[in-house]
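Single-structure report; data block below.
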Amino acid sequence: MALTKEEDIQMMLVCKTHLGTRNIEFNMKRYVFRRTADGIHIINIGKTWEKIMIAAKVIVTIENPADIIVASQRPYGSRAVLKFSQYTGAQALAGRWMPGTLTNQITTKYLEPRLLIVTDPRMDSQAVKEAAYANIPVIALCDTDSPLEHVDIAIPGNNKGKESIALLYWLLAREVQYLRGTLNRANGWE
């Protein structure tokens with residue numbers, strides 16, 4: 001059975017994707033619904049869902065899935081990145097980002113991707129900076145305090161909790177498989 005937007009949003013609420021931080025970056029204000037009494041910013045989940053759909057369309061336009069790098073230095077994001085790359089064919093770089101991966105041709109780990117996906121633009125700032133030098137588009141999971149410099153598509157959501165990170169990558173991988181035609185919308189995906 002195909003999941004609808006409302007069911008996806010319910011899953012996001014269960015996984016606490018809507019919870020932001022106490023701090024807010026001025027560029028992220030457009031994704032914030034309101035602020036609670038304790039000062040925690042609540043993210044607009046409808047915009048999160050729309051941004052996931054936009055990001056999936058961008059990912060599908062790249063012919064060779066191996067030209068996509070999914071990076072995460074955040075420990076909770078490592079498993080989600082590995083699973084995402086397993087189902088979409090992207091290249092996973094979980095753990096420490098080796099400086100010069102996108103800019104230094106002499107190193108053995110030099111890569112020339114067409115797209116970079118990061119879990120947290122603050123923790124993965126080296127990867128985002130190198131992608132900017134190499135003119136590589138960046139998709140990032142952004143919390144309310146995430147800097148948006150050099151980020152092309154920001155998916156607003158809680159990138160601090162492991163359930164939230166896992167759900168965002170799961171929704172993105174599912175939509176990519178739907179758009180590629182490897183998964184049928186009528187059957188759904190476990």
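The chains in the structure tokens are called A, B, ... from first to last as shown; in each chain the residues are counted from 1, and the ligands are counted from 1 in the order shown.
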key: Backbone DSSP call of strand (DSSP E) for stretch 34-159 of chain A, listed as a count of residues only   = 27
Residues of stretch 109-168 of chain A within 12 Å of stretch 82-105 of chain A: nearest atom pair and distance (Å, one decimal) for each, counting only C-alpha atoms, sorted by chain and number, as CSV?
residue,atom,partner,partner_atom,distance
A:Lys109,CA,A:Thr101,CA,5.9
A:Tyr110,CA,A:Thr101,CA,4.7
A:Leu111,CA,A:Leu102,CA,5.5
A:Glu112,CA,A:Leu102,CA,6.2
A:Pro113,CA,A:Leu102,CA,8.0
A:Arg114,CA,A:Leu102,CA,10.8
A:Leu115,CA,A:Ala90,CA,9.7
A:Leu116,CA,A:Gln91,CA,9.7
A:Ile117,CA,A:Ala92,CA,9.5
A:Val118,CA,A:Leu93,CA,9.6
A:Thr119,CA,A:Ala94,CA,10.0
A:Met123,CA,A:Trp97,CA,9.9
A:Asp124,CA,A:Trp97,CA,7.6
A:Ser125,CA,A:Trp97,CA,9.6
A:Gln126,CA,A:Pro99,CA,6.9
A:Ala127,CA,A:Trp97,CA,6.9
A:Val128,CA,A:Leu102,CA,9.9
A:Lys129,CA,A:Leu102,CA,9.6
A:Glu130,CA,A:Leu102,CA,5.9
A:Ala131,CA,A:Leu102,CA,6.7
A:Ala132,CA,A:Leu102,CA,9.7
A:Tyr133,CA,A:Thr103,CA,7.4
A:Ala134,CA,A:Thr103,CA,6.7
A:Asn135,CA,A:Leu102,CA,10.1
A:Ile136,CA,A:Leu102,CA,9.2
A:Ile165,CA,A:Phe84,CA,11.0
A:Ala166,CA,A:Lys83,CA,9.0
A:Leu167,CA,A:Phe84,CA,10.6
A:Leu168,CA,A:Phe84,CA,10.0
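For the pair atom CA of A:Ala66 and atom CA of A:Lys162, the separation is 25.1 Å.
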ask   = With only C-alpha atoms as the basis for distance, which of A:Cys142, A:Ile40, A:Ile45, A:Val58 is at the shortest distance from A:His18?
value = A:Ile45
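In this comparison, which uses only C-alpha atoms, the residue of A:Asn159, A:Ile68, A:Arg180, A:Asn44 approaching A:Pro137 most closely is A:Ile68.
Closest approach to A:Arg30 among A:Thr48, A:Val60, A:Ala55, A:Leu13: A:Thr48, based on only C-alpha atoms.
We find atom CA of A:Trp49 and atom CA of A:Thr36 to be spaced 21.6 Å apart.
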message = Using only C-alpha atoms, can you tell me which of A:Pro75, A:Pro156, A:Gly161, A:Gly20 comes closest to A:Glu50?
response = A:Pro156
ask   = atom CA of A:Val70 and atom CA of A:Ala154 are how many Å apart?
value = 14.4 Å
message = Just want the 8 Å neighbourhood of A:Leu148, counted on only C-alpha atoms, with same-chain residues fewer than 2 positions away dropped. Output as a ChimeraX atom specification.
response = /A:27-28,121,146,150-151,154
Every residue of stretch 37-152 of chain A that DSSP places in helix (DSSP H, G or I), as a ChimeraX atom specification = /A:45-60,65-67,75-88,125-133
The selected residues should be written to file as a compact mmCIF listing (two decimals), in the first residue's frame (atoms: N, CA and C atoms).
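Output contents, as saved in part21.txt:
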# COMPACT_ATOMS: atom_id res chain seq x y z
N ILE A 45 6.80 20.70 9.17
CA ILE A 45 7.04 19.38 8.56
C ILE A 45 6.54 19.32 7.12
N GLY A 46 5.54 20.11 6.77
CA GLY A 46 5.08 20.14 5.39
C GLY A 46 6.19 20.60 4.45
N LYS A 47 6.97 21.59 4.88
CA LYS A 47 8.10 22.05 4.07
C LYS A 47 9.20 20.99 4.02
N THR A 48 9.37 20.25 5.10
CA THR A 48 10.35 19.16 5.11
C THR A 48 9.99 18.13 4.05
N TRP A 49 8.70 17.74 4.03
CA TRP A 49 8.24 16.73 3.06
C TRP A 49 8.43 17.23 1.62
N GLU A 50 8.10 18.51 1.37
CA GLU A 50 8.27 19.07 0.03
C GLU A 50 9.73 19.08 -0.38
N LYS A 51 10.63 19.43 0.54
CA LYS A 51 12.06 19.46 0.22
C LYS A 51 12.61 18.06 -0.03
N ILE A 52 12.07 17.05 0.66
CA ILE A 52 12.50 15.67 0.38
C ILE A 52 12.11 15.28 -1.04
N MET A 53 10.91 15.67 -1.47
CA MET A 53 10.47 15.36 -2.85
C MET A 53 11.34 16.08 -3.88
N ILE A 54 11.70 17.33 -3.62
CA ILE A 54 12.57 18.07 -4.54
C ILE A 54 13.95 17.43 -4.60
N ALA A 55 14.49 17.07 -3.44
CA ALA A 55 15.83 16.45 -3.40
C ALA A 55 15.83 15.11 -4.13
N ALA A 56 14.76 14.33 -3.99
CA ALA A 56 14.68 13.04 -4.69
C ALA A 56 14.68 13.24 -6.20
N LYS A 57 13.99 14.27 -6.67
CA LYS A 57 13.99 14.54 -8.12
C LYS A 57 15.37 14.93 -8.61
N VAL A 58 16.12 15.67 -7.80
CA VAL A 58 17.49 16.04 -8.16
C VAL A 58 18.38 14.81 -8.20
N ILE A 59 18.23 13.93 -7.23
CA ILE A 59 19.06 12.71 -7.16
C ILE A 59 18.79 11.82 -8.37
N VAL A 60 17.53 11.72 -8.77
CA VAL A 60 17.16 10.84 -9.89
C VAL A 60 17.74 11.35 -11.22
N PRO A 65 24.33 6.43 -10.40
CA PRO A 65 24.17 6.65 -8.95
C PRO A 65 25.50 6.65 -8.19
N ALA A 66 26.54 6.06 -8.76
CA ALA A 66 27.84 6.04 -8.08
C ALA A 66 28.49 7.42 -8.07
N ASP A 67 27.95 8.37 -8.86
CA ASP A 67 28.47 9.74 -8.87
C ASP A 67 27.89 10.59 -7.74
N PRO A 75 27.84 10.40 14.37
CA PRO A 75 27.77 8.95 14.62
C PRO A 75 26.39 8.36 14.35
N TYR A 76 25.31 9.11 14.68
CA TYR A 76 23.97 8.58 14.44
C TYR A 76 23.64 8.52 12.96
N GLY A 77 24.34 9.30 12.14
CA GLY A 77 24.05 9.32 10.72
C GLY A 77 24.77 8.25 9.93
N SER A 78 25.76 7.59 10.52
CA SER A 78 26.58 6.64 9.78
C SER A 78 25.78 5.47 9.23
N ARG A 79 24.98 4.84 10.06
CA ARG A 79 24.20 3.69 9.62
C ARG A 79 23.16 4.10 8.58
N ALA A 80 22.53 5.24 8.78
CA ALA A 80 21.54 5.71 7.83
C ALA A 80 22.17 6.00 6.47
N VAL A 81 23.37 6.55 6.47
CA VAL A 81 24.08 6.83 5.22
C VAL A 81 24.44 5.53 4.50
N LEU A 82 24.89 4.54 5.26
CA LEU A 82 25.23 3.25 4.64
C LEU A 82 24.01 2.57 4.05
N LYS A 83 22.89 2.61 4.75
CA LYS A 83 21.65 2.02 4.24
C LYS A 83 21.14 2.77 3.01
N PHE A 84 21.20 4.10 3.05
CA PHE A 84 20.76 4.92 1.92
C PHE A 84 21.58 4.56 0.68
N SER A 85 22.88 4.46 0.84
CA SER A 85 23.73 4.16 -0.31
C SER A 85 23.52 2.73 -0.80
N GLN A 86 23.17 1.82 0.10
CA GLN A 86 22.90 0.44 -0.31
C GLN A 86 21.68 0.37 -1.23
N TYR A 87 20.65 1.14 -0.92
CA TYR A 87 19.41 1.05 -1.69
C TYR A 87 19.38 1.98 -2.91
N THR A 88 20.21 3.01 -2.91
CA THR A 88 20.19 3.93 -4.05
C THR A 88 21.40 3.79 -4.96
N SER A 125 31.27 20.41 7.58
CA SER A 125 31.60 21.69 6.95
C SER A 125 32.76 21.57 5.97
N GLN A 126 33.71 20.68 6.24
CA GLN A 126 34.84 20.50 5.33
C GLN A 126 34.36 19.96 3.98
N ALA A 127 33.44 19.01 4.01
CA ALA A 127 32.89 18.45 2.78
C ALA A 127 32.11 19.50 2.00
N VAL A 128 31.32 20.30 2.70
CA VAL A 128 30.52 21.33 2.04
C VAL A 128 31.43 22.40 1.42
N LYS A 129 32.50 22.76 2.14
CA LYS A 129 33.43 23.77 1.64
C LYS A 129 34.16 23.27 0.38
N GLU A 130 34.60 22.01 0.40
CA GLU A 130 35.28 21.45 -0.77
C GLU A 130 34.33 21.33 -1.95
N ALA A 131 33.07 20.99 -1.70
CA ALA A 131 32.09 20.91 -2.77
C ALA A 131 31.87 22.28 -3.40
N ALA A 132 31.92 23.33 -2.58
CA ALA A 132 31.78 24.69 -3.11
C ALA A 132 32.97 25.04 -4.00
N TYR A 133 34.18 24.64 -3.60
CA TYR A 133 35.36 24.89 -4.43
C TYR A 133 35.26 24.18 -5.77
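Comparing the minimum interatomic distances between A:Gly157 and each of A:Ile24, A:Leu183, A:Ile42, A:Val138, counting only C-alpha atoms, we find that A:Ile42 sits nearest.
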